[in-house]
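Structure file data-v7.csv; described as CSV, C-alpha atoms.
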```csv
chain,number,residue,atom,x,y,z
G,1,MET,CA,-35.3,2.7,-15.5
G,2,ALA,CA,-32.2,4.6,-16.5
G,3,PRO,CA,-29.6,5.0,-13.7
G,4,ALA,CA,-29.0,8.4,-12.1
G,5,LEU,CA,-26.8,10.7,-14.1
G,6,LYS,CA,-23.1,10.1,-13.2
G,7,HIS,CA,-19.9,11.3,-14.8
G,8,PHE,CA,-16.3,9.9,-14.8
G,9,LEU,CA,-14.1,13.1,-14.7
G,10,GLN,CA,-11.6,12.0,-12.1
G,11,PHE,CA,-10.8,8.6,-10.8
G,12,LYS,CA,-12.2,9.4,-7.4
G,13,ASP,CA,-15.6,10.0,-9.0
G,14,PHE,CA,-16.2,6.3,-8.6
G,15,SER,CA,-16.3,4.7,-5.1
G,16,ARG,CA,-14.3,1.6,-4.3
G,17,ASP,CA,-17.5,-0.5,-4.5
G,18,GLU,CA,-18.3,0.9,-8.0
G,19,LEU,CA,-14.7,0.2,-9.2
G,20,GLU,CA,-14.7,-3.3,-7.9
G,21,TYR,CA,-18.0,-3.9,-9.7
G,22,LEU,CA,-16.5,-2.5,-12.9
G,23,PHE,CA,-13.5,-4.9,-12.6
G,24,VAL,CA,-15.9,-7.8,-12.3
G,25,ARG,CA,-18.0,-6.6,-15.3
G,26,THR,CA,-14.8,-6.1,-17.3
G,27,ARG,CA,-13.9,-9.8,-16.9
G,28,VAL,CA,-17.4,-10.9,-17.9
G,29,ILE,CA,-17.5,-8.7,-20.9
G,30,LYS,CA,-14.0,-9.5,-22.0
G,31,GLU,CA,-14.6,-13.3,-21.7
G,32,ARG,CA,-17.8,-12.9,-23.9
G,33,PHE,CA,-15.8,-11.0,-26.5
G,34,LYS,CA,-13.1,-13.7,-26.6
G,35,ARG,CA,-15.7,-16.4,-27.1
G,36,TYR,CA,-17.2,-14.5,-30.0
G,37,GLN,CA,-20.5,-14.2,-28.0
G,38,PRO,CA,-22.5,-11.2,-29.1
G,39,TYR,CA,-23.5,-8.9,-26.3
G,40,HIS,CA,-25.4,-5.7,-27.2
G,41,PRO,CA,-26.7,-4.0,-24.0
G,42,LEU,CA,-26.2,-0.5,-25.7
G,43,ALA,CA,-28.2,-1.2,-28.9
G,44,ASP,CA,-29.4,2.1,-30.4
G,45,ARG,CA,-27.3,4.2,-28.0
G,46,THR,CA,-24.8,6.8,-29.3
G,47,LEU,CA,-21.5,8.0,-27.9
G,48,ALA,CA,-20.1,11.4,-29.0
G,49,MET,CA,-16.3,11.5,-28.9
G,50,ILE,CA,-14.9,15.1,-28.7
G,51,PHE,CA,-11.2,15.4,-29.4
G,52,GLU,CA,-9.2,18.5,-28.8
G,53,LYS,CA,-6.1,16.3,-28.2
G,54,SER,CA,-5.6,13.6,-30.8
G,55,SER,CA,-5.2,9.9,-29.9
G,56,THR,CA,-4.9,6.5,-31.4
G,57,ARG,CA,-5.8,4.3,-28.4
G,58,THR,CA,-8.6,6.5,-27.0
G,59,ARG,CA,-10.5,6.8,-30.2
G,60,LEU,CA,-10.1,3.2,-31.2
G,61,SER,CA,-11.0,1.7,-27.8
G,62,PHE,CA,-14.1,3.9,-27.4
G,63,GLU,CA,-15.3,3.6,-31.0
G,64,ALA,CA,-14.7,-0.2,-31.2
G,65,GLY,CA,-16.2,-0.6,-27.7
G,66,MET,CA,-19.5,1.1,-28.5
G,67,HIS,CA,-19.8,-0.9,-31.7
G,68,GLN,CA,-19.1,-4.2,-29.8
G,69,LEU,CA,-21.8,-3.3,-27.3
G,70,GLY,CA,-24.3,-2.7,-30.1
G,71,GLY,CA,-24.2,1.1,-30.1
G,72,SER,CA,-22.5,3.7,-32.3
G,73,ALA,CA,-19.8,6.4,-31.9
G,74,ILE,CA,-19.5,9.8,-33.6
G,75,TYR,CA,-16.1,11.4,-33.8
G,76,LEU,CA,-15.9,15.2,-33.4
G,77,ASN,CA,-12.7,17.2,-33.6
G,78,THR,CA,-13.0,20.6,-32.1
G,79,ARG,CA,-11.5,22.1,-35.2
G,80,ASP,CA,-14.5,20.9,-37.1
G,81,THR,CA,-17.2,22.0,-34.6
G,82,GLN,CA,-18.5,25.3,-33.2
G,83,LEU,CA,-16.4,24.6,-30.1
G,84,GLY,CA,-13.4,25.5,-32.3
G,85,ARG,CA,-15.1,28.7,-33.4
G,86,GLY,CA,-15.7,30.1,-30.0
G,87,GLU,CA,-19.1,28.6,-28.9
G,88,PRO,CA,-19.2,28.5,-25.1
G,89,VAL,CA,-18.6,25.0,-23.7
G,90,GLU,CA,-21.8,25.3,-21.7
G,91,ASP,CA,-23.9,25.9,-24.9
G,92,ALA,CA,-22.2,23.0,-26.7
G,93,ALA,CA,-23.0,20.7,-23.8
G,94,GLU,CA,-26.6,21.7,-23.8
G,95,VAL,CA,-27.0,20.8,-27.5
G,96,ILE,CA,-24.7,17.8,-27.8
G,97,SER,CA,-26.2,16.1,-24.7
G,98,ARG,CA,-29.7,16.3,-26.3
G,99,MET,CA,-28.6,14.3,-29.3
G,100,VAL,CA,-26.5,11.5,-27.9
G,101,ASP,CA,-26.5,9.2,-24.8
G,102,VAL,CA,-23.0,9.6,-23.5
G,103,VAL,CA,-20.0,11.9,-24.2
G,104,MET,CA,-16.3,11.3,-24.1
G,105,ILE,CA,-14.0,14.3,-24.1
G,106,ARG,CA,-10.2,14.4,-24.6
G,107,THR,CA,-9.0,17.9,-24.0
G,108,TYR,CA,-6.4,20.1,-22.3
G,109,GLU,CA,-7.7,21.8,-19.1
G,110,GLN,CA,-9.8,19.9,-16.6
G,111,ASP,CA,-12.0,23.0,-16.3
G,112,ILE,CA,-13.3,22.5,-19.8
G,113,ILE,CA,-14.6,19.0,-19.1
G,114,GLU,CA,-16.0,20.1,-15.7
G,115,ARG,CA,-17.9,22.9,-17.3
G,116,PHE,CA,-19.3,20.6,-20.0
G,117,ALA,CA,-20.4,18.0,-17.5
G,118,ALA,CA,-22.2,20.7,-15.4
G,119,HIS,CA,-24.4,21.5,-18.4
G,120,SER,CA,-24.8,17.9,-19.8
G,121,ARG,CA,-27.9,15.9,-19.6
G,122,VAL,CA,-25.9,12.6,-20.2
G,123,PRO,CA,-22.8,11.0,-18.6
G,124,VAL,CA,-19.5,12.6,-19.5
G,125,ILE,CA,-16.2,10.6,-19.5
G,126,ASN,CA,-12.7,12.1,-19.2
G,127,GLY,CA,-10.7,10.6,-22.1
G,128,LEU,CA,-7.7,12.6,-20.9
G,129,THR,CA,-6.9,16.1,-19.6
G,130,ASN,CA,-3.7,17.8,-18.5
G,131,GLU,CA,-4.6,16.9,-14.9
G,132,TYR,CA,-6.1,13.4,-15.1
G,133,HIS,CA,-6.3,10.2,-17.2
G,134,PRO,CA,-8.8,8.0,-15.3
G,135,CYS,CA,-9.7,5.7,-18.2
G,136,GLN,CA,-6.1,4.6,-18.6
G,137,ILE,CA,-5.6,3.9,-14.8
G,138,LEU,CA,-8.8,2.0,-14.8
G,139,ALA,CA,-7.3,-0.3,-17.5
G,140,ASP,CA,-3.9,-0.4,-15.7
G,141,ILE,CA,-5.4,-1.5,-12.4
G,142,TYR,CA,-7.6,-4.1,-14.1
G,143,THR,CA,-4.5,-5.5,-15.9
G,144,TYR,CA,-2.7,-5.8,-12.6
G,145,ILE,CA,-5.7,-7.6,-11.0
G,146,GLU,CA,-6.0,-9.9,-14.1
G,147,GLN,CA,-2.3,-10.8,-13.9
G,148,ARG,CA,-1.5,-10.8,-10.2
G,149,GLY,CA,-4.7,-10.6,-8.2
G,150,PRO,CA,-6.0,-7.8,-5.8
G,151,ILE,CA,-4.0,-4.6,-5.8
G,152,GLN,CA,-5.0,-3.6,-2.3
G,153,GLY,CA,-1.9,-3.3,-0.1
G,154,LYS,CA,0.5,-3.5,-3.1
G,155,THR,CA,3.1,-0.9,-4.1
G,156,VAL,CA,3.2,1.0,-7.5
G,157,ALA,CA,6.4,2.8,-8.4
G,158,TRP,CA,5.9,5.8,-10.6
G,159,ILE,CA,9.1,7.0,-12.3
G,160,GLY,CA,9.3,10.2,-14.2
G,161,ASP,CA,7.0,13.2,-14.6
G,162,SER,CA,4.3,14.1,-12.1
G,163,ASN,CA,1.8,14.3,-14.9
G,164,ASN,CA,-1.9,13.4,-15.4
G,165,MET,CA,-1.0,9.7,-15.1
G,166,CYS,CA,0.8,10.2,-11.9
G,167,ASN,CA,-2.0,12.3,-10.5
G,168,THR,CA,-4.5,9.6,-11.3
G,169,TRP,CA,-2.4,6.8,-9.8
G,170,LEU,CA,-2.3,8.8,-6.5
G,171,GLN,CA,-6.1,9.2,-6.5
G,172,ALA,CA,-6.6,5.5,-7.3
G,173,ALA,CA,-4.3,4.5,-4.4
G,174,GLU,CA,-6.5,6.4,-1.9
G,175,VAL,CA,-9.7,4.9,-3.3
G,176,LEU,CA,-8.5,1.3,-3.6
G,177,ASP,CA,-6.0,1.2,-0.7
G,178,PHE,CA,-2.6,0.6,-2.3
G,179,ASN,CA,0.7,2.6,-2.2
G,180,VAL,CA,2.4,4.7,-4.7
G,181,HIS,CA,6.2,5.5,-4.6
G,182,VAL,CA,6.9,8.5,-6.8
G,183,SER,CA,10.3,9.6,-8.0
G,184,THR,CA,10.6,12.7,-10.2
G,185,PRO,CA,13.5,15.0,-11.1
G,186,PRO,CA,13.9,18.2,-9.0
G,187,GLY,CA,11.3,20.7,-10.1
G,188,TYR,CA,8.8,18.2,-11.4
G,189,GLU,CA,7.5,17.0,-8.0
G,190,VAL,CA,3.9,16.1,-7.3
G,191,GLU,CA,1.6,19.0,-6.6
G,192,PRO,CA,-1.0,17.6,-4.1
G,193,GLU,CA,-3.7,20.2,-4.9
G,194,ARG,CA,-3.4,19.6,-8.6
G,195,ALA,CA,-3.4,15.9,-8.1
G,196,GLY,CA,-6.6,16.1,-6.1
G,197,LEU,CA,-5.2,14.1,-3.2
G,198,PHE,CA,-7.2,13.5,0.0
G,199,GLY,CA,-4.1,12.9,2.0
G,200,THR,CA,-0.6,11.4,1.9
G,201,ASP,CA,-1.2,8.0,3.6
G,202,HIS,CA,-0.8,6.1,0.3
G,203,TYR,CA,1.9,8.2,-1.2
G,204,GLU,CA,5.7,8.5,-0.7
G,205,ALA,CA,8.2,10.6,-2.6
G,206,PHE,CA,11.8,9.4,-3.3
G,207,VAL,CA,14.7,11.4,-4.6
G,208,ASP,CA,16.4,8.3,-6.1
G,209,PRO,CA,14.2,6.3,-8.6
G,210,MET,CA,16.0,3.1,-7.5
G,211,ASP,CA,14.7,3.5,-4.0
G,212,ALA,CA,11.2,4.1,-5.4
G,213,CYS,CA,11.4,0.8,-7.3
G,214,ARG,CA,12.7,-1.2,-4.4
G,215,GLY,CA,10.2,-4.0,-3.6
G,216,ALA,CA,7.5,-2.5,-5.8
G,217,ASP,CA,4.9,-4.8,-7.3
G,218,LEU,CA,4.4,-2.6,-10.4
G,219,VAL,CA,6.8,-0.2,-12.0
G,220,THR,CA,5.3,2.3,-14.5
G,221,THR,CA,6.2,5.4,-16.3
G,222,ASP,CA,5.2,7.7,-19.2
G,223,VAL,CA,6.8,9.9,-21.8
G,224,TRP,CA,9.0,12.7,-20.5
G,225,THR,CA,7.2,15.3,-22.5
G,226,SER,CA,3.4,15.1,-22.6
G,227,MET,CA,1.2,16.6,-25.3
G,228,GLY,CA,1.1,20.3,-24.9
G,229,PHE,CA,4.5,20.6,-23.3
G,230,GLU,CA,6.6,20.1,-26.5
G,231,ALA,CA,8.4,23.5,-26.0
G,232,GLU,CA,10.0,22.0,-22.9
G,233,SER,CA,11.3,18.9,-24.6
G,234,ALA,CA,15.0,19.7,-24.7
G,235,SER,CA,15.1,20.8,-21.0
G,236,ARG,CA,13.1,17.7,-20.0
G,237,MET,CA,15.4,15.4,-21.8
G,238,LYS,CA,18.3,16.7,-19.8
G,239,ALA,CA,16.4,16.8,-16.5
G,240,PHE,CA,15.0,13.3,-16.8
G,241,ALA,CA,18.1,11.5,-17.9
G,242,ASP,CA,18.5,9.5,-14.7
G,243,TRP,CA,14.8,8.6,-14.6
G,244,ARG,CA,14.8,6.0,-17.4
G,245,VAL,CA,13.3,2.7,-16.3
G,246,ASP,CA,16.0,0.1,-16.9
G,247,ASN,CA,16.8,-3.5,-15.9
G,248,ASP,CA,18.5,-2.4,-12.7
G,249,MET,CA,15.3,-0.8,-11.5
G,250,MET,CA,13.2,-3.8,-12.4
G,251,ARG,CA,15.8,-6.0,-10.6
G,252,VAL,CA,15.3,-4.3,-7.3
G,253,ALA,CA,11.5,-4.5,-7.6
G,254,ALA,CA,9.5,-7.5,-6.3
G,255,ASP,CA,10.2,-10.8,-7.9
G,256,ALA,CA,6.8,-10.8,-9.6
G,257,ALA,CA,6.8,-7.1,-10.5
G,258,LEU,CA,5.1,-6.0,-13.7
G,259,PHE,CA,6.1,-3.1,-16.0
G,260,MET,CA,3.4,-0.8,-17.5
G,261,HIS,CA,3.4,2.1,-19.9
G,262,CYS,CA,0.3,3.9,-21.2
G,263,LEU,CA,1.9,4.3,-24.7
G,264,PRO,CA,3.1,5.5,-27.0
G,265,ALA,CA,6.6,4.8,-25.7
G,266,HIS,CA,10.0,6.2,-26.6
G,267,ARG,CA,12.5,3.3,-26.2
G,268,GLY,CA,15.8,4.6,-24.9
G,269,GLU,CA,14.2,7.6,-23.3
G,270,GLU,CA,11.8,7.0,-20.4
G,271,VAL,CA,12.2,3.2,-20.7
G,272,GLU,CA,14.9,0.8,-22.0
G,273,ALA,CA,13.8,-1.4,-24.9
G,274,ASP,CA,14.9,-4.5,-22.8
G,275,VAL,CA,12.3,-3.6,-20.2
G,276,ILE,CA,9.2,-2.7,-22.3
G,277,ASP,CA,9.9,-5.7,-24.6
G,278,GLY,CA,10.9,-8.0,-21.7
G,279,PRO,CA,9.1,-10.7,-19.8
G,280,GLN,CA,7.8,-8.4,-17.0
G,281,SER,CA,6.1,-6.0,-19.4
G,282,VAL,CA,2.4,-6.2,-19.9
G,283,VAL,CA,2.0,-3.1,-22.0
G,284,TRP,CA,0.1,-4.9,-24.8
G,285,LYS,CA,-2.4,-6.5,-22.4
G,286,GLU,CA,-2.7,-3.1,-20.7
G,287,ALA,CA,-3.5,-1.4,-24.1
G,288,GLU,CA,-6.1,-4.1,-24.9
G,289,ASN,CA,-7.8,-3.7,-21.6
G,290,ARG,CA,-8.6,0.0,-22.4
G,291,LEU,CA,-11.2,-1.6,-24.7
G,292,HIS,CA,-12.8,-3.9,-22.1
G,293,THR,CA,-12.7,-1.6,-19.0
G,294,GLN,CA,-14.3,1.2,-21.0
G,295,LYS,CA,-17.0,-1.1,-22.2
G,296,ALA,CA,-17.8,-2.0,-18.6
G,297,MET,CA,-17.9,1.7,-17.7
G,298,LEU,CA,-20.1,2.6,-20.6
G,299,GLU,CA,-22.5,-0.2,-19.7
G,300,TYR,CA,-22.6,1.0,-16.1
G,301,LEU,CA,-23.1,4.7,-16.9
G,302,LEU,CA,-26.0,3.9,-19.3
G,303,ARG,CA,-27.6,0.8,-17.8
G,304,GLY,CA,-26.6,0.8,-14.1
G,305,ARG,CA,-25.6,-2.5,-12.4
G,306,ILE,CA,-26.2,-5.7,-14.3
G,307,GLU,CA,-26.0,-9.0,-12.5
G,308,ASP,CA,-25.6,-12.0,-14.8
```
Represent the structure of the file as structure tokens.
Amino acid sequence: MAPALKHFLQFKDFSRDELEYLFVRTRVIKERFKRYQPYHPLADRTLAMIFEKSSTRTRLSFEAGMHQLGGSAIYLNTRDTQLGRGEPVEDAAEVISRMVDVVMIRTYEQDIIERFAAHSRVPVINGLTNEYHPCQILADIYTYIEQRGPIQGKTVAWIGDSNNMCNTWLQAAEVLDFNVHVSTPPGYEVEPERAGLFGTDHYEAFVDPMDACRGADLVTTDVWTSMGFEAESASRMKAFADWRVDNDMMRVAADAALFMHCLPAHRGEEVEADVIDGPQSVVWKEAENRLHTQKAMLEYLLRGRIED
């Protein structure tokens, strides 16, 4: 029997129990892959990937992941579909969800993906919106667990823009019971309503990024100008100049602190080359784990819980 219809539009759409299950499944699926052991639980299943925002890692990880699970993936760019010619999102959802088994959308406004999901007969996954990036944070947290153990009670320092990544870290902290220290330039602070926060028990804002990093178990950042905000690039470069993650910030973090970045990175802007290429950086492991955490999620959305 197919599992009940469920979407992954924000990180908090999954409970702590579900997320912990996904982390266990990720380890199992990744180990099978590393042993060259075929595993095809999604044979004859199809994923539609709808891109309004382009991406290397999102397309590659979902397309390769479906193939490795025995299924197939179809790439749709909104410029090449009726969505790009004014077809209502609701109508597109009704049609597309009758032809495939799961849909991943990478778009601008969260409202678009919410409207699509409301009219979809199959699971819908948020591949990125302006507001949230739950697939990336799923991979980031798994990477921390893989490298350092449970994240519960730990501290994550977010340095830079209060963007979709920051918003999703804040949601994840509330679901999984860890803390987030946020430091942004003036005018770029967290907007709790936009972030979808339940409360502030797991979140603290810092004016000085050094204070945010002090004692942190994980330091992470993102580009200063996200896709869709290119017109603000010059002003952001000036405003964010003191929010570059450098060796001094990593030095005041915990002894075993890790550095993460969702990529692509601009060395010398949001992070110094010595940090992203240094011994505390796990950015390549983090990127690889997009593949395996998303495979676990696809399996769960289409097959439910599997115990083996």
Mind listing as a PDB file with C-alpha atoms, keeping the file's coordinate frame all residues within 10 Å of (-10.1, 20.0, -33.4), counting all atoms listed in the file?
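This went into selection.pdb:
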```pdb
ATOM      1  CA  ILE G  50     -14.900  15.100 -28.700  1.00  0.00           C
ATOM      2  CA  PHE G  51     -11.200  15.400 -29.400  1.00  0.00           C
ATOM      3  CA  GLU G  52      -9.200  18.500 -28.800  1.00  0.00           C
ATOM      4  CA  LYS G  53      -6.100  16.300 -28.200  1.00  0.00           C
ATOM      5  CA  SER G  54      -5.600  13.600 -30.800  1.00  0.00           C
ATOM      6  CA  LEU G  76     -15.900  15.200 -33.400  1.00  0.00           C
ATOM      7  CA  ASN G  77     -12.700  17.200 -33.600  1.00  0.00           C
ATOM      8  CA  THR G  78     -13.000  20.600 -32.100  1.00  0.00           C
ATOM      9  CA  ARG G  79     -11.500  22.100 -35.200  1.00  0.00           C
ATOM     10  CA  ASP G  80     -14.500  20.900 -37.100  1.00  0.00           C
ATOM     11  CA  THR G  81     -17.200  22.000 -34.600  1.00  0.00           C
ATOM     12  CA  GLN G  82     -18.500  25.300 -33.200  1.00  0.00           C
ATOM     13  CA  LEU G  83     -16.400  24.600 -30.100  1.00  0.00           C
ATOM     14  CA  GLY G  84     -13.400  25.500 -32.300  1.00  0.00           C
ATOM     15  CA  THR G 107      -9.000  17.900 -24.000  1.00  0.00           C
TER      16      THR G 107
END
```
Would you pick out the contacts of segment 297-303 of chain G at 10 Å or less, using all atoms listed in the file, so that residues sharing its chain but fewer than 4 positions from it are not included, and give the list as a PyMOL selection string? chain G and resi 1-8+18-19+21-23+25-26+29+40-42+45+47+62+65-66+69+101-103+122-125+135+138+292-293
So that I can check the surroundings of segment 156-165 of chain G, please list as a list in words every protein, DNA and RNA residue that reaches within 6 Å of it, counting all atoms listed in the file and ignoring chain neighbours fewer than 5 positions away.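 Residues near the query, excluding close chain neighbours: Asn130, Glu131, Tyr132, His133, Val180, His181, Val182, Ser183, Thr184, Glu189, Val190, Ala212, Cys213, Ala216, Leu218, Val219, Thr220, Thr221 and Trp243 of chain G.
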With distances taken over all atoms listed in the file, which residue among G:Ala253, G:His119, G:Met260, G:Gly268 lies nearest Ile141 of chain G?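 Counting all atoms listed in the file, the residue closest to Ile141 of chain G is G:Met260.
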Gap from atom CA of Val283 of chain G to atom CA of Asp201 of chain G - Å, one decimal: 28.1 Å
One number please: atom CA of Ala173 of chain G to atom CA of Glu193 of chain G, in Å, one decimal.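 Those two atoms sit 15.7 Å apart.
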Protein and nucleic acid residues near (-7.1, 0.0, -24.5) (cut-off 10 Å, only C-alpha atoms) as a ChimeraX atom specification: /G:56-62,65,135-136,139-140,262-263,283-294
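Each of G:Asp91, G:Glu270, G:Glu174, G:Glu307 was compared to Ala195 of chain G using only C-alpha atoms, and G:Glu174 turns out to be the nearest.
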For Asp17 of chain G, find every residue with an atom within 12 Å (counting only C-alpha atoms), except residues of its own chain fewer than 6 positions away, and show them as a list in words.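 Within the cut-off, the hits are Phe23, Val24, Val175, Leu176 and Arg305 of chain G.
Between atom CA of Glu87 of chain G and atom CA of Met99 of chain G the interatomic distance comes to 17.2 Å.
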Measuring between only C-alpha atoms, which one of G:Gln68, G:Asn179, G:Gln110, G:Ser235 shows the shortest distance to Ile151 of chain G? G:Asn179
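Once Glu90 of chain G and its same-chain neighbours fewer than 6 positions away are set aside, Arg115, Phe116, Ala118 and His119 of chain G remain within 8 Å of it when counting all atoms listed in the file.
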Can you pull out every residue within 12 Å of Asp277 of chain G, counting all atoms listed in the file, but drop anything in the same chain fewer than 4 positions away, and send it as a list in words? Asp246, Asn247, Leu258, Phe259, Met260, His261, Ala265, Arg267, Gly268, Val271, Glu272, Ala273, Ser281, Val282, Val283 and Trp284 of chain G
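Residue nearest Gln10 of chain G within the list G:Trp224, G:Trp169, G:Tyr203, G:Phe178: G:Trp169 [criterion: smallest interatomic distance, all atoms listed in the file].
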Return as lines of an AutoDock Vina configuration file the centre and edge lengths, in Å with one decimal, of the box along x, y and z that encloses every atom of segment 127-131 of chain G in the file, padded by 6 Å per side.
```
center_x = -7.2
center_y = 14.2
center_z = -18.5
size_x = 19.0
size_y = 19.2
size_z = 19.2
```
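For the choices G:Lys295, G:Glu114, G:Pro88, G:Met250, the atom-to-atom distance to Gly278 of chain G is smallest for G:Met250 when using only C-alpha atoms.
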